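Peer 1: Next comes the structure file coords21.txt, holding compact mmCIF, C-alpha atoms and all ligand atoms.
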```
# COMPACT_ATOMS: atom_id res chain seq x y z
CA MET A 1 13.61 -26.57 23.72
CA LYS A 2 12.11 -25.00 20.61
CA THR A 3 13.05 -21.43 19.78
CA PRO A 4 10.16 -18.96 19.31
CA ALA A 5 10.97 -18.86 15.58
CA ARG A 6 10.68 -22.68 15.40
CA VAL A 7 7.35 -22.63 17.28
CA LEU A 8 6.05 -20.08 14.80
CA ALA A 9 7.33 -21.99 11.79
CA ASP A 10 5.65 -25.17 13.11
CA GLN A 11 2.36 -23.34 13.55
CA VAL A 12 2.53 -21.98 10.01
CA ASN A 13 3.40 -25.43 8.63
CA GLN A 14 0.51 -26.96 10.51
CA ILE A 15 -1.93 -24.41 9.08
CA GLN A 16 -0.62 -25.03 5.58
CA LYS A 17 -0.75 -28.83 5.94
CA SER A 18 -4.26 -28.72 7.39
CA GLY A 19 -5.37 -27.28 4.05
CA ARG A 20 -6.74 -24.18 5.71
CA PHE A 21 -5.88 -21.39 3.39
CA SER A 22 -5.14 -18.32 5.45
CA PRO A 23 -2.82 -15.53 4.45
CA ARG A 24 -2.93 -14.27 8.04
CA SER A 25 0.35 -14.86 9.81
CA ALA A 26 0.55 -16.41 13.26
CA SER A 27 2.17 -13.11 14.30
CA LEU A 28 -0.49 -10.54 15.02
CA PRO A 29 0.01 -7.01 13.67
CA THR A 30 1.71 -4.64 16.11
CA TRP A 31 -0.01 -1.53 14.72
CA CYS A 32 -1.80 0.79 17.15
CA PRO A 33 -5.42 -0.05 17.98
CA GLY A 34 -7.63 1.74 15.43
CA CYS A 35 -4.85 2.01 12.81
CA GLY A 36 -6.10 2.18 9.23
CA TYR A 37 -3.62 -0.52 8.26
CA PHE A 38 -5.89 -3.21 9.72
CA GLY A 39 -8.42 -2.43 6.98
CA ILE A 40 -5.73 -2.80 4.31
CA HIS A 41 -4.56 -6.08 5.87
CA GLN A 42 -8.14 -7.36 5.74
CA GLY A 43 -8.50 -6.22 2.12
CA LEU A 44 -5.29 -7.89 0.94
CA ASN A 45 -5.92 -11.10 2.89
CA ASP A 46 -9.37 -11.42 1.37
CA CYS A 47 -7.93 -10.82 -2.10
CA ILE A 48 -5.35 -13.59 -1.63
CA SER A 49 -7.99 -16.00 -0.28
CA SER A 50 -10.38 -15.28 -3.17
CA LEU A 51 -7.74 -15.67 -5.84
CA GLU A 52 -6.65 -18.97 -4.22
CA ILE A 53 -3.03 -18.41 -5.13
CA PRO A 54 -0.90 -20.84 -3.07
CA LEU A 55 0.82 -18.89 -0.32
CA THR A 56 4.13 -20.36 -1.42
CA GLN A 57 3.73 -18.54 -4.75
CA ILE A 58 3.34 -15.09 -3.20
CA VAL A 59 6.03 -12.69 -2.01
CA THR A 60 5.27 -9.52 -0.05
CA VAL A 61 8.07 -6.96 -0.17
CA SER A 62 8.34 -3.83 1.98
CA GLY A 63 10.69 -1.00 2.90
CA ILE A 64 10.70 0.53 6.39
CA GLY A 65 7.94 2.06 8.51
CA CYS A 66 4.81 0.85 10.28
CA ALA A 67 3.59 -0.22 6.83
CA GLY A 68 7.00 -1.78 6.25
CA ARG A 69 6.28 -4.28 9.02
CA TYR A 70 3.58 -5.82 6.85
CA PRO A 71 5.45 -8.95 5.69
CA PHE A 72 5.69 -10.16 9.31
CA PHE A 73 1.90 -10.17 9.49
CA SER A 74 1.37 -12.10 6.29
CA ASN A 75 1.68 -15.83 5.83
CA THR A 76 3.29 -15.41 2.39
CA TYR A 77 7.00 -15.27 1.72
CA GLY A 78 8.27 -11.82 2.62
CA LEU A 79 11.16 -9.42 2.35
CA HIS A 80 11.52 -6.50 4.78
CA THR A 81 14.15 -4.44 2.97
CA VAL A 82 15.63 -0.98 3.63
CA HIS A 83 13.85 2.36 3.66
CA GLY A 84 12.42 3.30 0.27
CA ARG A 85 13.61 0.22 -1.58
CA ALA A 86 10.51 -1.98 -1.73
CA LEU A 87 10.00 -1.36 -5.45
CA PRO A 88 13.50 -2.23 -6.71
CA ALA A 89 13.56 -5.30 -4.44
CA ALA A 90 10.12 -6.35 -5.72
CA THR A 91 11.36 -5.83 -9.30
CA GLY A 92 14.23 -8.21 -8.58
CA VAL A 93 11.90 -10.84 -7.10
CA LYS A 94 9.57 -10.68 -10.09
CA LEU A 95 12.40 -10.83 -12.64
CA GLY A 96 14.01 -13.69 -10.71
CA ASN A 97 10.83 -15.76 -10.83
CA PRO A 98 8.07 -14.33 -13.04
CA ASN A 99 5.64 -17.05 -11.87
CA LEU A 100 5.37 -15.46 -8.43
CA THR A 101 2.64 -13.01 -7.47
CA VAL A 102 4.47 -10.07 -5.94
CA PHE A 103 3.01 -7.43 -3.63
CA ALA A 104 5.06 -4.38 -2.64
CA VAL A 105 3.78 -2.46 0.38
CA GLY A 106 4.86 0.74 2.10
CA GLY A 107 3.99 4.12 3.54
CA ASP A 108 3.93 7.52 1.88
CA GLY A 109 7.32 8.40 3.41
CA ASP A 110 8.83 5.19 2.12
CA GLY A 111 7.29 5.49 -1.34
CA LEU A 112 7.15 9.23 -2.00
CA ALA A 113 10.14 10.64 -0.05
CA ILE A 114 13.23 8.44 0.22
CA GLY A 115 11.87 5.92 -2.32
CA GLY A 116 10.17 8.43 -4.62
CA GLY A 117 12.71 7.90 -7.39
CA HIS A 118 11.67 4.30 -7.94
CA LEU A 119 8.00 4.75 -8.80
CA PRO A 120 8.55 6.17 -12.33
CA HIS A 121 10.92 3.37 -13.26
CA ILE A 122 8.85 0.40 -12.15
CA ALA A 123 5.91 2.03 -13.99
CA ARG A 124 7.78 2.68 -17.25
CA ARG A 125 9.27 -0.83 -17.16
CA ASN A 126 5.77 -2.12 -16.50
CA ILE A 127 6.97 -4.80 -14.08
CA ASN A 128 4.05 -7.02 -13.00
CA VAL A 129 4.20 -6.01 -9.33
CA ASN A 130 1.19 -4.93 -7.25
CA TYR A 131 2.09 -1.92 -5.11
CA LEU A 132 -0.02 -0.92 -2.12
CA LEU A 133 0.85 2.60 -1.02
CA PHE A 134 -0.46 3.13 2.54
CA ASP A 135 -0.97 6.91 2.49
CA ASN A 136 -1.55 8.29 5.99
CA SER A 137 0.36 11.51 5.16
CA ILE A 138 2.60 11.05 8.18
CA TYR A 139 5.81 9.25 9.17
CA GLY A 140 4.21 6.90 11.69
CA LEU A 141 7.11 4.73 12.85
CA THR A 142 9.39 7.69 13.63
CA LYS A 143 6.63 9.33 15.68
CA GLY A 144 4.72 11.68 13.46
CA GLN A 145 6.80 13.92 11.19
CA PRO A 146 5.08 15.34 8.07
CA SER A 147 5.48 13.43 4.81
CA PRO A 148 5.43 14.52 1.15
CA SER A 149 1.67 13.89 1.02
CA SER A 150 0.82 15.91 4.17
CA PRO A 151 -1.75 18.61 3.41
CA MET A 152 -0.35 22.18 3.61
CA GLY A 153 -0.51 23.48 7.16
CA THR A 154 -0.03 20.06 8.80
CA LYS A 155 1.19 20.71 12.35
CA THR A 156 3.43 18.11 13.94
CA LYS A 157 6.26 18.22 16.48
CA ALA A 158 8.61 18.60 13.50
CA SER A 159 6.47 21.30 11.83
CA PRO A 160 5.03 23.31 14.76
CA TYR A 161 3.93 26.24 12.54
CA GLY A 162 2.38 23.95 9.89
CA THR A 163 3.93 22.64 6.68
CA VAL A 164 4.41 25.11 3.83
CA ASP A 165 5.03 22.66 0.95
CA LYS A 166 2.42 21.48 -1.51
CA PRO A 167 1.59 17.78 -1.12
CA LEU A 168 2.36 15.19 -3.79
CA ASN A 169 -0.56 13.36 -5.35
CA ALA A 170 0.44 9.71 -5.77
CA THR A 171 -2.52 8.86 -8.03
CA LEU A 172 -1.66 11.69 -10.41
CA MET A 173 2.01 10.71 -10.39
CA ALA A 174 1.16 7.07 -11.19
CA LEU A 175 -0.95 8.18 -14.18
CA ALA A 176 1.82 10.47 -15.43
CA TYR A 177 4.42 7.72 -15.05
CA GLY A 178 2.33 5.38 -17.21
CA ALA A 179 1.23 2.75 -14.64
CA SER A 180 -0.95 0.07 -16.24
CA PHE A 181 -3.47 -0.08 -13.39
CA VAL A 182 -4.20 2.71 -10.93
CA ALA A 183 -6.76 2.49 -8.12
CA ARG A 184 -7.51 4.98 -5.35
CA LEU A 185 -8.97 3.42 -2.22
CA PHE A 186 -9.78 3.95 1.46
CA ALA A 187 -8.65 1.80 4.40
CA GLY A 188 -12.14 2.15 5.88
CA ASP A 189 -13.50 0.13 2.94
CA PRO A 190 -11.68 -3.25 2.98
CA LYS A 191 -14.22 -4.71 0.55
CA GLY A 192 -13.45 -1.97 -1.98
CA ILE A 193 -9.73 -2.72 -1.49
CA THR A 194 -10.28 -6.44 -2.08
CA GLU A 195 -12.27 -5.85 -5.26
CA ALA A 196 -9.71 -3.45 -6.73
CA LEU A 197 -6.83 -5.75 -5.75
CA ILE A 198 -8.43 -8.75 -7.43
CA GLU A 199 -8.85 -6.73 -10.63
CA GLY A 200 -5.36 -5.25 -10.41
CA VAL A 201 -3.60 -8.54 -9.71
CA ARG A 202 -5.31 -10.03 -12.78
CA ASN A 203 -4.30 -7.04 -14.90
CA PRO A 204 -0.86 -7.62 -16.44
CA GLY A 205 1.87 -5.06 -15.72
CA PHE A 206 2.49 -2.64 -12.89
CA SER A 207 -0.51 -1.94 -10.64
CA ILE A 208 -0.64 0.70 -7.95
CA PHE A 209 -3.24 0.93 -5.20
CA HIS A 210 -3.10 4.37 -3.58
CA ILE A 211 -4.87 3.82 -0.27
CA TYR A 212 -5.92 6.71 1.95
CA THR A 213 -5.55 5.75 5.56
CA THR A 214 -5.09 7.40 8.92
CA CYS A 215 -2.52 7.51 11.72
CA VAL A 216 -4.66 7.51 14.85
CA THR A 217 -1.69 8.18 17.12
CA PHE A 218 0.07 11.12 15.44
CA ASP A 219 -2.64 12.79 13.35
CA LYS A 220 -5.55 14.07 15.40
CA ASN A 221 -6.57 16.85 12.98
CA PHE A 222 -5.95 16.21 9.31
CA LYS A 223 -6.47 12.80 7.69
CA THR A 224 -8.54 11.42 10.54
CA TRP A 225 -11.10 8.63 10.20
CA ALA A 226 -13.91 11.20 10.49
CA HIS A 227 -12.48 13.44 7.75
CA LEU A 228 -11.65 10.59 5.36
CA LYS A 229 -15.14 9.14 5.78
CA GLU A 230 -16.66 12.52 5.05
CA TRP A 231 -14.43 13.36 2.08
CA THR A 232 -14.26 10.06 0.18
CA HIS A 233 -16.91 8.91 -2.30
CA ALA A 234 -17.26 6.68 -5.35
CA LEU A 235 -16.21 7.70 -8.87
CA PRO A 236 -19.02 9.05 -11.08
CA GLN A 237 -21.41 6.33 -12.34
CA ASP A 238 -20.50 6.82 -16.01
CA TYR A 239 -16.74 6.79 -15.31
CA ASP A 240 -14.63 4.94 -17.88
CA PRO A 241 -11.29 3.73 -16.40
CA THR A 242 -9.84 2.97 -19.85
CA ASP A 243 -9.81 6.65 -20.81
CA LEU A 244 -6.50 8.17 -19.67
CA GLY A 245 -7.59 11.76 -20.44
CA ARG A 246 -10.68 11.33 -18.32
CA ALA A 247 -8.57 9.80 -15.54
CA PHE A 248 -6.29 12.86 -15.46
CA ASN A 249 -9.29 15.21 -15.43
CA GLU A 250 -10.95 13.26 -12.63
CA VAL A 251 -7.85 13.25 -10.43
CA LEU A 252 -7.11 16.94 -11.08
CA LYS A 253 -10.63 17.97 -10.13
CA ASP A 254 -11.35 15.57 -7.25
CA ASP A 255 -8.86 14.31 -4.65
CA PHE A 256 -11.25 11.89 -3.01
CA SER A 257 -13.17 9.91 -5.64
CA LEU A 258 -12.42 6.23 -5.12
CA GLY A 259 -12.26 3.18 -7.37
CA VAL A 260 -10.29 1.98 -10.39
CA ILE A 261 -9.04 5.23 -11.87
CA PHE A 262 -7.22 3.79 -14.89
CA LYS A 263 -6.43 0.45 -16.47
CA ARG A 264 -4.94 -0.73 -19.71
CA ASP A 265 -3.92 -4.12 -20.98
CA ALA A 266 -0.20 -3.79 -21.52
C1 LIG A 301 17.85 5.47 5.43
C2 LIG A 301 16.84 5.71 6.52
N1 LIG A 301 16.44 6.96 6.76
C3 LIG A 301 15.54 7.20 7.73
C4 LIG A 301 15.03 6.17 8.47
C5 LIG A 301 14.05 6.45 9.58
N2 LIG A 301 12.69 6.10 9.23
C6 LIG A 301 12.18 4.89 9.55
S1 LIG A 301 10.59 4.74 9.10
C7 LIG A 301 10.56 6.31 8.48
C8 LIG A 301 9.33 6.94 7.88
C9 LIG A 301 8.17 6.02 7.80
O1 LIG A 301 7.05 6.70 7.30
P1 LIG A 301 6.12 6.05 6.23
O2 LIG A 301 6.91 5.50 5.10
O3 LIG A 301 5.09 7.07 5.85
O4 LIG A 301 5.48 4.79 6.94
P2 LIG A 301 4.55 4.64 8.24
O5 LIG A 301 5.46 4.45 9.41
O6 LIG A 301 3.69 5.87 8.35
O7 LIG A 301 3.77 3.41 7.92
C10 LIG A 301 11.79 6.94 8.61
C11 LIG A 301 12.08 8.32 8.19
C12 LIG A 301 15.46 4.86 8.16
N3 LIG A 301 15.01 3.79 8.82
N4 LIG A 301 16.36 4.66 7.19
```
Would you put the structure from the file into structure tokens?
Peer 2:
Amino acid sequence: MKTPARVLADQVNQIQKSGRFSPRSASLPTWCPGCGYFGIHQGLNDCISSLEIPLTQIVTVSGIGCAGRYPFFSNTYGLHTVHGRALPAATGVKLGNPNLTVFAVGGDGDGLAIGGGHLPHIARRNINVNYLLFDNSIYGLTKGQPSPSSPMGTKTKASPYGTVDKPLNATLMALAYGASFVARLFAGDPKGITEALIEGVRNPGFSIFHIYTTCVTFDKNFKTWAHLKEWTHALPQDYDPTDLGRAFNEVLKDDFSLGVIFKRDA
């Protein structure tokens, strides 16, 4: 009798042999119904399909969390590593085989708390990894504690009187650390995610995609779908993403303008 893993592997092989090019895994995502991560999944899958990179040439690397489960739901090679270590693991993959297209994925807890020390270094080394930061401002997998990007006053079971710390701004940090490509996006706009990803994957060097998303289960008040839809909007029409000074000014004055914030050819 075939093991479940064998059945799955056979299905994936069949899809690949049939010439159908789908980055969607045979395993369906286990995220909660309504989770913002479905929009990101759609955006990344459409990017991979449009770029027509063979699935065998792509590796998706994650840490731990609901976002960390991502590699299971993608028909690329994948590494589900330990909490906060997606970026160093992705660096190793890319250095081991520079021909691969490498995506690192993870939540705001994974990337800004326990793994926060890795972002400056992958940026200053300018490793050609594409990092999707799923920012729902909450620790989803461990049932809703506040994260370093939670707005002040966020009430959770672990912060019943509201958080008192100022949130980190991942877009601003990425600019300060010298990332070559910085985009700020919204899970409710998968098309926008796809477009930015295509541009970022083509741009050499480290690319970060800071994606606002929501945790429908543990955040009923702060970064909800309704609020994110109301707050987010496009960058100004005359915006020039090659001007680093303008990028800093934009991000300091507006938390919710979306698009390619900065890019350089490096
Ligand atoms: C070393 C270590 N510390 C703590 C944990 C517990 N833990 C698992 S996931 C997680 C936070 C996940 O939050 P986030 O990265 O924002 O991802 P999300 O679940 O929201 O996608 C924590 C603290 C762990 N697995 N390993």
Peer 1: Compute the set of protein, DNA and RNA residues whose minimum atom distance to ligand LIG 301 (chain A) is at most 7 Å, using all atoms listed in the file, and state it as JSON, numbers by chain.
Peer 2: {"A": [64, 65, 66, 67, 68, 82, 83, 106, 107, 108, 109, 110, 111, 134, 135, 136, 137, 138, 139, 140, 141, 142, 147]}
Peer 1: Could you tell me which of A:Ala234, A:Cys215, A:Ala26, A:Val102 comes closest to Phe72 of chain A if we count all atoms listed in the file?
Peer 2: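 Between A:Ala234, A:Cys215, A:Ala26, A:Val102, the residue approaching Phe72 of chain A most closely is A:Ala26.
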Peer 1: So what do you get for atom CA of Phe222 of chain A versus atom CA of Cys32 of chain A, distance-wise?
Peer 2: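 Separation between atom CA of Phe222 of chain A and atom CA of Cys32 of chain A: 17.8 Å.
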Peer 1: Which of these residues is nearest to Arg124 of chain A, using only C-alpha atoms: A:Leu228, A:Val105, A:Ala176, A:Leu112?
Peer 2: A:Ala176
Peer 1: Give the answer as one residue: which of A:Leu175, A:Ala5, A:Ala266, A:Ala113 has the shortest atom-to-atom distance to Ser149 of chain A, using all atoms listed in the file?
Peer 2: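 Closest residue, counting all atoms listed in the file: A:Ala113.
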Peer 1: So which one's closest to Ile122 of chain A, A:Ala226, A:Ala187, A:Ala174, A:Ile211? Using all atoms listed in the file, please.
Peer 2: A:Ala174
Peer 1: Taking into account all atoms listed in the file, which residue in the set A:Thr60, A:Ser25, A:Asn128, A:Thr194 is nearest to Asn75 of chain A?
Peer 2: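 The shortest atom-to-atom distance to Asn75 of chain A comes from A:Ser25.
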